[in-house]
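> Attaching a single structure in structure tokens format; questions to follow.
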Amino acid sequence: MQIITEPGQMQAIAEKLRLNRQCIGVVMTMGALHEGHLSLVKLAQQTAGIVILTIFVNPSQFGANEDLHKYPRPFEQDAALAKAAGVDYLFAPEASSIYPENYQTTVECSTVTKRFEGELRPGHFKGVATIVTKLFHITKPHISVFGEKDAQQLAVIRRLVIDLNMDIKIIGAPIVREDNGLAVSSRNIYLSSQERNAATILYKGICHATRRIADHETDLAAIATEIEQMIQSTPGCRTDYICFVDDKTFEPVETAESEKEYRLLLAMYSGTVRLIDNMKIRA
């Protein structure tokens with residue numbers, strides 16, 4: 001595995017790989033690698049001949065009161081995990097090379113970002129769309145794999161690729177869960193054992209919704225309220241939002257129609273740690 005830190009060098013390598021008819025797959029991360037990230041690498045390897053893993057803690061997608069400075073950065077451990085997973089190139093640039101002095105250009109989606117994470121974290125998705133666009137131009141992939149845990153982010157990236165005519169196939173990877181149902185996330189390391197146990201209410205809420213819809217309940221707003229009550233009654237937990245949306249547009253939906261696909265979006269705090277989860281559900 002080769003470690004690259006300069007964008008120009010990474011671009012030159014990617015261009016050479018393309019000229020040699022190599023299929024490039026890219027997995028973008030902010031480091032603190034876990035099983036979820038490694039599952040993305042494995043999925044990329046099933047499609048692409050060369051896999052590039054990027055590690056970049058992107059300052060432009062963090063809000064003023066978010067955890068940019070304390071975000072975990074165990075680079076040596078990450079590099080070892082990437083090498084063991086069979087990654088071909090690890091691209092880990094410095095912020096100054098990605099956002100040099102006098103940097104002025106950003107990329108922004110509109111409709112799909114106006115609610116949920118976009119509303120609660122102003123500027124977040126502009127930061128995401130900008131860095132993803134830049135990393136696409138630097139790594140020149142044919143395919144790129146993103147986790148479904150960040151469902152709204154995945155929807156933004158799919159929209160971005162379509163709207164800007166990028167010849168890149170976007171692959172969504174299933175959520176990897178711990179034995180207790182908690183979605184694997186880099187932020188889980190912030191949870192105390194008590195908070196981690198309480199956080200399983202997220203997955204219990206998803207299971208509750210699955211059962212209710214299997215029993216032919218069509219009032220999605222009522223199911224969301226039931227899940228919110230479950231979370232609010234769990235000590236140390238409070239909700240940010242619980243909502244069913246159209247799986248493509250991310251517009252809120254209150255009543256299910258037969259055979260249509262929806263996505264349940266959940267965001268909550270366990271203690272001071274903010275967690276998100278989701279599940280695609282067919283009525």
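Residue names in the structure tokens use chain letters A, B, ... in the order shown, residue numbers from 1 in each chain, and ligand numbers from 1 in the order shown.
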If you run DSSP on this backbone, which residues of region 24-251 of chain A come out as helix (DSSP H, G or I), and could you give them as a CSV table (one decimal) with N, CA and C atoms, in the first residue's frame?


```csv
chain,number,residue,atom,x,y,z
A,35,GLU,N,-15.2,-1.3,11.5
A,35,GLU,CA,-15.7,-2.4,10.6
A,35,GLU,C,-16.6,-1.9,9.5
A,36,GLY,N,-17.3,-0.8,9.8
A,36,GLY,CA,-18.2,-0.2,8.7
A,36,GLY,C,-17.3,0.3,7.5
A,37,HIS,N,-16.2,1.0,7.8
A,37,HIS,CA,-15.4,1.5,6.8
A,37,HIS,C,-14.8,0.3,6.0
A,38,LEU,N,-14.3,-0.7,6.7
A,38,LEU,CA,-13.7,-1.9,6.1
A,38,LEU,C,-14.7,-2.6,5.2
A,39,SER,N,-16.0,-2.6,5.5
A,39,SER,CA,-17.0,-3.2,4.7
A,39,SER,C,-17.1,-2.5,3.4
A,40,LEU,N,-16.9,-1.2,3.4
A,40,LEU,CA,-16.9,-0.4,2.2
A,40,LEU,C,-15.8,-0.7,1.3
A,41,VAL,N,-14.6,-0.9,1.9
A,41,VAL,CA,-13.4,-1.3,1.1
A,41,VAL,C,-13.7,-2.7,0.4
A,42,LYS,N,-14.2,-3.6,1.2
A,42,LYS,CA,-14.5,-4.9,0.6
A,42,LYS,C,-15.5,-4.9,-0.5
A,43,LEU,N,-16.5,-4.0,-0.4
A,43,LEU,CA,-17.4,-3.9,-1.5
A,43,LEU,C,-16.8,-3.2,-2.7
A,44,ALA,N,-15.9,-2.3,-2.5
A,44,ALA,CA,-15.2,-1.6,-3.6
A,44,ALA,C,-14.3,-2.6,-4.3
A,45,GLN,N,-13.7,-3.5,-3.6
A,45,GLN,CA,-12.8,-4.5,-4.2
A,45,GLN,C,-13.5,-5.5,-5.0
A,46,GLN,N,-14.8,-5.7,-4.8
A,46,GLN,CA,-15.6,-6.6,-5.6
A,46,GLN,C,-15.9,-6.0,-7.0
A,47,THR,N,-15.8,-4.7,-7.1
A,47,THR,CA,-16.1,-4.1,-8.4
A,47,THR,C,-14.9,-3.5,-9.1
A,59,PRO,N,-12.7,20.1,7.6
A,59,PRO,CA,-13.1,21.2,8.5
A,59,PRO,C,-14.4,21.9,8.1
A,60,SER,N,-14.6,21.9,6.7
A,60,SER,CA,-15.7,22.7,6.2
A,60,SER,C,-17.1,22.0,6.5
A,61,GLN,N,-17.1,20.8,7.0
A,61,GLN,CA,-18.4,20.2,7.2
A,61,GLN,C,-18.7,20.1,8.7
A,75,PHE,N,-3.9,7.9,13.0
A,75,PHE,CA,-3.5,7.6,11.7
A,75,PHE,C,-2.7,6.3,11.5
A,76,GLU,N,-1.8,6.1,12.4
A,76,GLU,CA,-1.0,4.8,12.3
A,76,GLU,C,-1.8,3.6,12.3
A,77,GLN,N,-2.8,3.6,13.2
A,77,GLN,CA,-3.7,2.5,13.4
A,77,GLN,C,-4.6,2.4,12.1
A,78,ASP,N,-5.0,3.5,11.6
A,78,ASP,CA,-5.8,3.5,10.4
A,78,ASP,C,-5.0,3.0,9.2
A,79,ALA,N,-3.8,3.4,9.1
A,79,ALA,CA,-2.9,2.9,8.0
A,79,ALA,C,-2.7,1.4,8.0
A,80,ALA,N,-2.6,0.9,9.2
A,80,ALA,CA,-2.4,-0.6,9.4
A,80,ALA,C,-3.6,-1.3,9.0
A,81,LEU,N,-4.8,-0.8,9.4
A,81,LEU,CA,-6.0,-1.4,9.1
A,81,LEU,C,-6.3,-1.4,7.5
A,82,ALA,N,-6.0,-0.3,6.9
A,82,ALA,CA,-6.1,-0.1,5.5
A,82,ALA,C,-5.2,-1.1,4.7
A,83,LYS,N,-4.0,-1.2,5.2
A,83,LYS,CA,-3.1,-2.1,4.5
A,83,LYS,C,-3.5,-3.6,4.7
A,84,ALA,N,-4.0,-3.9,5.9
A,84,ALA,CA,-4.5,-5.3,6.1
A,84,ALA,C,-5.7,-5.6,5.3
A,95,ALA,N,-5.0,19.7,5.4
A,95,ALA,CA,-6.0,20.6,5.1
A,95,ALA,C,-5.5,21.8,4.2
A,96,SER,N,-4.3,22.2,4.5
A,96,SER,CA,-3.7,23.3,3.7
A,96,SER,C,-3.6,23.0,2.2
A,97,SER,N,-3.5,21.7,1.9
A,97,SER,CA,-3.3,21.4,0.5
A,97,SER,C,-4.7,21.2,-0.2
A,98,ILE,N,-5.7,21.0,0.6
A,98,ILE,CA,-7.1,20.9,0.1
A,98,ILE,C,-7.8,22.2,0.0
A,111,THR,N,-32.5,21.1,-2.6
A,111,THR,CA,-33.8,20.6,-2.0
A,111,THR,C,-33.5,19.4,-1.0
A,112,VAL,N,-32.6,18.5,-1.4
A,112,VAL,CA,-32.4,17.3,-0.6
A,112,VAL,C,-31.7,17.6,0.7
A,113,THR,N,-31.1,18.8,0.9
A,113,THR,CA,-30.4,19.2,2.1
A,113,THR,C,-31.2,20.1,3.0
A,117,GLU,N,-30.5,16.8,8.8
A,117,GLU,CA,-29.1,17.1,9.1
A,117,GLU,C,-28.8,18.5,8.4
A,118,GLY,N,-29.4,18.8,7.3
A,118,GLY,CA,-29.1,20.1,6.6
A,118,GLY,C,-29.6,21.3,7.4
A,119,GLU,N,-30.8,21.1,8.0
A,119,GLU,CA,-31.4,22.1,8.8
A,119,GLU,C,-30.7,22.3,10.2
A,120,LEU,N,-30.4,21.2,10.8
A,120,LEU,CA,-29.8,21.2,12.1
A,120,LEU,C,-28.3,21.6,12.1
A,124,HIS,N,-23.3,22.1,6.7
A,124,HIS,CA,-22.7,20.8,6.7
A,124,HIS,C,-22.6,20.2,5.3
A,125,PHE,N,-23.7,20.1,4.6
A,125,PHE,CA,-23.8,19.4,3.4
A,125,PHE,C,-23.0,20.2,2.3
A,126,LYS,N,-22.9,21.5,2.4
A,126,LYS,CA,-22.1,22.3,1.5
A,126,LYS,C,-20.6,21.8,1.6
A,127,GLY,N,-20.2,21.6,2.9
A,127,GLY,CA,-18.9,21.1,3.1
A,127,GLY,C,-18.7,19.7,2.6
A,128,VAL,N,-19.7,18.9,2.7
A,128,VAL,CA,-19.6,17.5,2.2
A,128,VAL,C,-19.5,17.5,0.7
A,129,ALA,N,-20.5,18.2,0.1
A,129,ALA,CA,-20.5,18.3,-1.4
A,129,ALA,C,-19.2,18.8,-2.0
A,130,THR,N,-18.6,19.8,-1.3
A,130,THR,CA,-17.4,20.4,-1.8
A,130,THR,C,-16.2,19.4,-1.7
A,131,ILE,N,-16.1,18.8,-0.6
A,131,ILE,CA,-14.9,17.9,-0.4
A,131,ILE,C,-15.1,16.6,-1.3
A,132,VAL,N,-16.3,16.1,-1.4
A,132,VAL,CA,-16.5,14.9,-2.2
A,132,VAL,C,-16.2,15.3,-3.7
A,133,THR,N,-16.6,16.4,-4.2
A,133,THR,CA,-16.3,16.8,-5.5
A,133,THR,C,-14.8,16.9,-5.7
A,134,LYS,N,-14.1,17.6,-4.8
A,134,LYS,CA,-12.6,17.7,-4.9
A,134,LYS,C,-12.0,16.3,-4.9
A,135,LEU,N,-12.4,15.5,-4.0
A,135,LEU,CA,-11.7,14.2,-3.9
A,135,LEU,C,-12.0,13.3,-5.2
A,136,PHE,N,-13.2,13.5,-5.8
A,136,PHE,CA,-13.5,12.8,-7.0
A,136,PHE,C,-12.5,13.3,-8.1
A,137,HIS,N,-12.2,14.6,-8.2
A,137,HIS,CA,-11.3,15.1,-9.2
A,137,HIS,C,-9.9,14.7,-8.9
A,138,ILE,N,-9.6,14.5,-7.7
A,138,ILE,CA,-8.2,14.1,-7.3
A,138,ILE,C,-7.9,12.6,-7.6
A,139,THR,N,-8.9,11.8,-7.2
A,139,THR,CA,-8.7,10.3,-7.3
A,139,THR,C,-9.3,9.7,-8.6
A,151,ALA,N,-27.6,8.3,5.5
A,151,ALA,CA,-28.5,8.2,4.3
A,151,ALA,C,-28.7,9.5,3.6
A,152,GLN,N,-28.8,10.6,4.3
A,152,GLN,CA,-29.1,11.9,3.6
A,152,GLN,C,-27.8,12.3,2.9
A,153,GLN,N,-26.6,12.0,3.5
A,153,GLN,CA,-25.4,12.3,2.8
A,153,GLN,C,-25.3,11.5,1.5
A,154,LEU,N,-25.7,10.2,1.5
A,154,LEU,CA,-25.6,9.4,0.3
A,154,LEU,C,-26.6,10.0,-0.7
A,155,ALA,N,-27.8,10.4,-0.3
A,155,ALA,CA,-28.7,11.0,-1.3
A,155,ALA,C,-28.1,12.3,-1.9
A,156,VAL,N,-27.4,13.1,-1.1
A,156,VAL,CA,-26.8,14.3,-1.6
A,156,VAL,C,-25.7,14.0,-2.7
A,157,ILE,N,-24.9,12.9,-2.4
A,157,ILE,CA,-23.8,12.6,-3.3
A,157,ILE,C,-24.4,12.0,-4.6
A,158,ARG,N,-25.4,11.2,-4.5
A,158,ARG,CA,-26.1,10.7,-5.7
A,158,ARG,C,-26.6,11.8,-6.6
A,159,ARG,N,-27.2,12.8,-5.9
A,159,ARG,CA,-27.8,14.0,-6.6
A,159,ARG,C,-26.6,14.8,-7.3
A,160,LEU,N,-25.5,14.9,-6.5
A,160,LEU,CA,-24.4,15.7,-7.0
A,160,LEU,C,-23.8,15.1,-8.3
A,161,VAL,N,-23.7,13.7,-8.3
A,161,VAL,CA,-23.1,13.0,-9.4
A,161,VAL,C,-24.0,13.2,-10.6
A,162,ILE,N,-25.3,13.1,-10.4
A,162,ILE,CA,-26.3,13.2,-11.5
A,162,ILE,C,-26.2,14.6,-12.1
A,163,ASP,N,-26.3,15.6,-11.2
A,163,ASP,CA,-26.5,17.0,-11.6
A,163,ASP,C,-25.2,17.5,-12.3
A,186,SER,N,-17.7,6.0,14.1
A,186,SER,CA,-16.5,6.5,14.8
A,186,SER,C,-16.8,7.2,16.1
A,187,ARG,N,-18.0,7.8,16.2
A,187,ARG,CA,-18.4,8.6,17.4
A,187,ARG,C,-18.8,7.7,18.5
A,188,ASN,N,-19.0,6.4,18.3
A,188,ASN,CA,-19.4,5.5,19.4
A,188,ASN,C,-18.3,5.4,20.5
A,189,ILE,N,-17.1,5.8,20.1
A,189,ILE,CA,-16.0,5.7,21.2
A,189,ILE,C,-16.2,6.7,22.3
A,190,TYR,N,-17.1,7.7,22.0
A,190,TYR,CA,-17.4,8.8,23.0
A,190,TYR,C,-18.4,8.3,24.0
A,193,SER,N,-20.3,3.1,28.9
A,193,SER,CA,-21.0,1.8,28.8
A,193,SER,C,-22.5,2.0,29.0
A,194,GLN,N,-22.8,2.9,29.9
A,194,GLN,CA,-24.2,3.2,30.2
A,194,GLN,C,-24.9,3.9,29.0
A,195,GLU,N,-24.2,4.8,28.4
A,195,GLU,CA,-24.8,5.5,27.3
A,195,GLU,C,-24.9,4.6,26.1
A,196,ARG,N,-23.9,3.7,25.9
A,196,ARG,CA,-23.9,2.8,24.8
A,196,ARG,C,-25.1,1.8,24.9
A,197,ASN,N,-25.4,1.4,26.1
A,197,ASN,CA,-26.5,0.5,26.4
A,197,ASN,C,-27.8,1.3,26.1
A,198,ALA,N,-27.9,2.5,26.5
A,198,ALA,CA,-29.1,3.3,26.3
A,198,ALA,C,-29.3,3.6,24.8
A,199,ALA,N,-28.2,3.7,24.1
A,199,ALA,CA,-28.3,4.1,22.7
A,199,ALA,C,-28.9,2.9,21.8
A,201,ILE,N,-31.7,1.9,22.0
A,201,ILE,CA,-33.1,2.3,21.8
A,201,ILE,C,-33.3,2.7,20.4
A,202,LEU,N,-32.3,3.2,19.7
A,202,LEU,CA,-32.4,3.5,18.3
A,202,LEU,C,-32.8,2.3,17.5
A,203,TYR,N,-32.1,1.2,17.6
A,203,TYR,CA,-32.4,0.0,16.8
A,203,TYR,C,-33.7,-0.6,17.3
A,204,LYS,N,-34.0,-0.5,18.6
A,204,LYS,CA,-35.3,-1.0,19.1
A,204,LYS,C,-36.4,-0.2,18.4
A,205,GLY,N,-36.2,1.1,18.2
A,205,GLY,CA,-37.2,1.9,17.5
A,205,GLY,C,-37.4,1.4,16.1
A,206,ILE,N,-36.3,1.1,15.4
A,206,ILE,CA,-36.4,0.6,14.0
A,206,ILE,C,-37.1,-0.7,14.0
A,207,CYS,N,-36.8,-1.6,14.9
A,207,CYS,CA,-37.5,-2.9,14.9
A,207,CYS,C,-39.0,-2.7,15.2
A,208,HIS,N,-39.3,-1.7,16.1
A,208,HIS,CA,-40.7,-1.4,16.4
A,208,HIS,C,-41.5,-1.0,15.1
A,209,ALA,N,-40.8,-0.1,14.3
A,209,ALA,CA,-41.4,0.4,13.1
A,209,ALA,C,-41.6,-0.7,12.1
A,210,THR,N,-40.6,-1.6,12.0
A,210,THR,CA,-40.7,-2.8,11.1
A,210,THR,C,-41.9,-3.6,11.4
A,211,ARG,N,-42.1,-3.9,12.7
A,211,ARG,CA,-43.2,-4.7,13.1
A,211,ARG,C,-44.6,-4.1,12.8
A,212,ARG,N,-44.6,-2.8,13.1
A,212,ARG,CA,-45.9,-2.0,12.9
A,212,ARG,C,-46.3,-2.0,11.5
A,213,ILE,N,-45.3,-1.8,10.6
A,213,ILE,CA,-45.6,-1.8,9.2
A,213,ILE,C,-46.0,-3.2,8.6
A,214,ALA,N,-45.3,-4.2,9.2
A,214,ALA,CA,-45.6,-5.6,8.8
A,214,ALA,C,-47.1,-5.9,9.2
A,220,LEU,N,-47.7,6.5,9.3
A,220,LEU,CA,-46.2,6.6,9.6
A,220,LEU,C,-46.0,7.7,10.6
A,221,ALA,N,-46.7,8.7,10.6
A,221,ALA,CA,-46.5,9.8,11.6
A,221,ALA,C,-46.8,9.2,13.0
A,222,ALA,N,-47.8,8.4,13.1
A,222,ALA,CA,-48.1,7.8,14.4
A,222,ALA,C,-47.0,6.9,14.9
A,223,ILE,N,-46.4,6.1,14.0
A,223,ILE,CA,-45.3,5.2,14.3
A,223,ILE,C,-44.1,6.0,14.8
A,224,ALA,N,-43.8,7.1,14.1
A,224,ALA,CA,-42.7,8.0,14.4
A,224,ALA,C,-42.9,8.6,15.8
A,225,THR,N,-44.1,8.9,16.2
A,225,THR,CA,-44.4,9.4,17.5
A,225,THR,C,-44.2,8.4,18.6
A,226,GLU,N,-44.6,7.1,18.3
A,226,GLU,CA,-44.4,6.0,19.2
A,226,GLU,C,-42.9,5.8,19.5
A,227,ILE,N,-42.1,5.9,18.4
A,227,ILE,CA,-40.6,5.7,18.6
A,227,ILE,C,-40.0,6.9,19.4
A,228,GLU,N,-40.5,8.1,19.1
A,228,GLU,CA,-40.0,9.3,19.9
A,228,GLU,C,-40.3,9.1,21.3
A,229,GLN,N,-41.5,8.6,21.7
A,229,GLN,CA,-41.9,8.3,23.1
A,229,GLN,C,-41.0,7.3,23.7
A,230,MET,N,-40.6,6.2,22.9
A,230,MET,CA,-39.7,5.2,23.4
A,230,MET,C,-38.4,5.8,23.8
A,231,ILE,N,-37.8,6.7,22.9
A,231,ILE,CA,-36.5,7.3,23.1
A,231,ILE,C,-36.6,8.2,24.3
A,232,GLN,N,-37.6,9.1,24.3
A,232,GLN,CA,-37.7,10.1,25.4
A,232,GLN,C,-37.8,9.5,26.7
```

> Got a sec to tell me which of region 17-211 of chain A DSSP assigns to strand (DSSP E), as a list in words?

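Filtering region 17-211 of chain A down to strand (DSSP E) leaves Ile24, Gly25, Val26, Val27, Met28, Thr29, Ile50, Val51, Ile52, Leu53, Thr54, Ile55, Tyr89, Leu90, Phe91, Ile143, Ser144, Val145, Phe146, Gly147, Lys169, Ile170, Ile171, Gly172 and Ala173 of chain A.
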
> Go ahead and save the picked residues with C-alpha atoms, as a tab-separated table (two decimals), in the first residue's frame.


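Contents of the output file out.tsv:
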```tsv
chain	number	residue	atom	x	y	z
A	24	ILE	CA	-10.56	2.66	-9.73
A	25	GLY	CA	-12.76	2.42	-6.66
A	26	VAL	CA	-12.68	5.08	-3.96
A	27	VAL	CA	-13.79	4.93	-0.33
A	28	MET	CA	-13.87	8.30	1.44
A	29	THR	CA	-13.48	8.47	5.21
A	50	ILE	CA	-7.63	-0.69	-7.59
A	51	VAL	CA	-8.97	0.73	-4.33
A	52	ILE	CA	-8.05	4.17	-3.02
A	53	LEU	CA	-9.01	4.98	0.57
A	54	THR	CA	-9.07	8.65	1.53
A	55	ILE	CA	-8.64	9.92	5.08
A	89	TYR	CA	-3.44	3.66	-2.11
A	90	LEU	CA	-4.11	5.64	1.05
A	91	PHE	CA	-4.65	9.32	0.27
A	143	ILE	CA	-16.94	3.76	-8.70
A	144	SER	CA	-17.22	5.08	-5.17
A	145	VAL	CA	-18.75	3.38	-2.13
A	146	PHE	CA	-20.56	5.21	0.67
A	147	GLY	CA	-22.28	3.81	3.74
A	169	LYS	CA	-21.08	4.87	-10.17
A	170	ILE	CA	-22.16	5.43	-6.57
A	171	ILE	CA	-22.66	2.26	-4.51
A	172	GLY	CA	-24.50	2.31	-1.19
A	173	ALA	CA	-23.21	-0.14	1.42
```

> For each of A:Pro7, A:Pro235, A:Pro122, A:Pro72, take the minimum atom-to-atom distance to Pro100 (chain A), counting only C-alpha atoms, then give the residue where this is smallest.

A:Pro7

> Given only C-alpha atoms as the basis, pick out the residue of A:Asn278, A:Thr249, A:Asn65, A:Thr200 nearest to Lys149 (chain A).

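The shortest atom-to-atom distance to Lys149 (chain A) comes from A:Asn278.
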
> Using only C-alpha atoms, which residues sit within 6 Å of region 236-239 of chain A once same-chain residues fewer than 5 positions away are excluded, as a count of residues only?

4

> Need to verify the contact set: Asn20 (chain A), 12 Å, only C-alpha atoms, exclusion of same-chain residues closer than 5 positions in sequence. Can you return it as an MDAnalysis selection string?

chainID A and resid 13:15 49:50

> Those selected residues, please, written with N, CA and C atoms and delivered as a PDB file, in the first residue's frame.


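Listed below is the output, result00.pdb:
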```pdb
ATOM      1  N   ILE A  13      -1.089   9.704 -10.289  1.00  0.00           N
ATOM      2  CA  ILE A  13      -1.192   8.245 -10.157  1.00  0.00           C
ATOM      3  C   ILE A  13      -2.528   7.758 -10.703  1.00  0.00           C
ATOM      4  N   ALA A  14      -3.610   8.459 -10.350  1.00  0.00           N
ATOM      5  CA  ALA A  14      -4.939   8.057 -10.820  1.00  0.00           C
ATOM      6  C   ALA A  14      -5.031   8.140 -12.343  1.00  0.00           C
ATOM      7  N   GLU A  15      -4.440   9.183 -12.923  1.00  0.00           N
ATOM      8  CA  GLU A  15      -4.465   9.318 -14.379  1.00  0.00           C
ATOM      9  C   GLU A  15      -3.707   8.173 -15.044  1.00  0.00           C
ATOM     10  N   GLY A  49     -10.571  -2.838  -9.628  1.00  0.00           N
ATOM     11  CA  GLY A  49      -9.277  -3.511  -9.553  1.00  0.00           C
ATOM     12  C   GLY A  49      -8.313  -2.816  -8.616  1.00  0.00           C
ATOM     13  N   ILE A  50      -8.482  -1.502  -8.466  1.00  0.00           N
ATOM     14  CA  ILE A  50      -7.635  -0.686  -7.593  1.00  0.00           C
ATOM     15  C   ILE A  50      -8.530   0.063  -6.619  1.00  0.00           C
TER      16      ILE A  50
END
```

> For a test of reading the model, state the distance in Å between CA of Asp150 (chain A) and CA of Pro93 (chain A), rounded to one decimal.

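It comes out at 23.0 Å.
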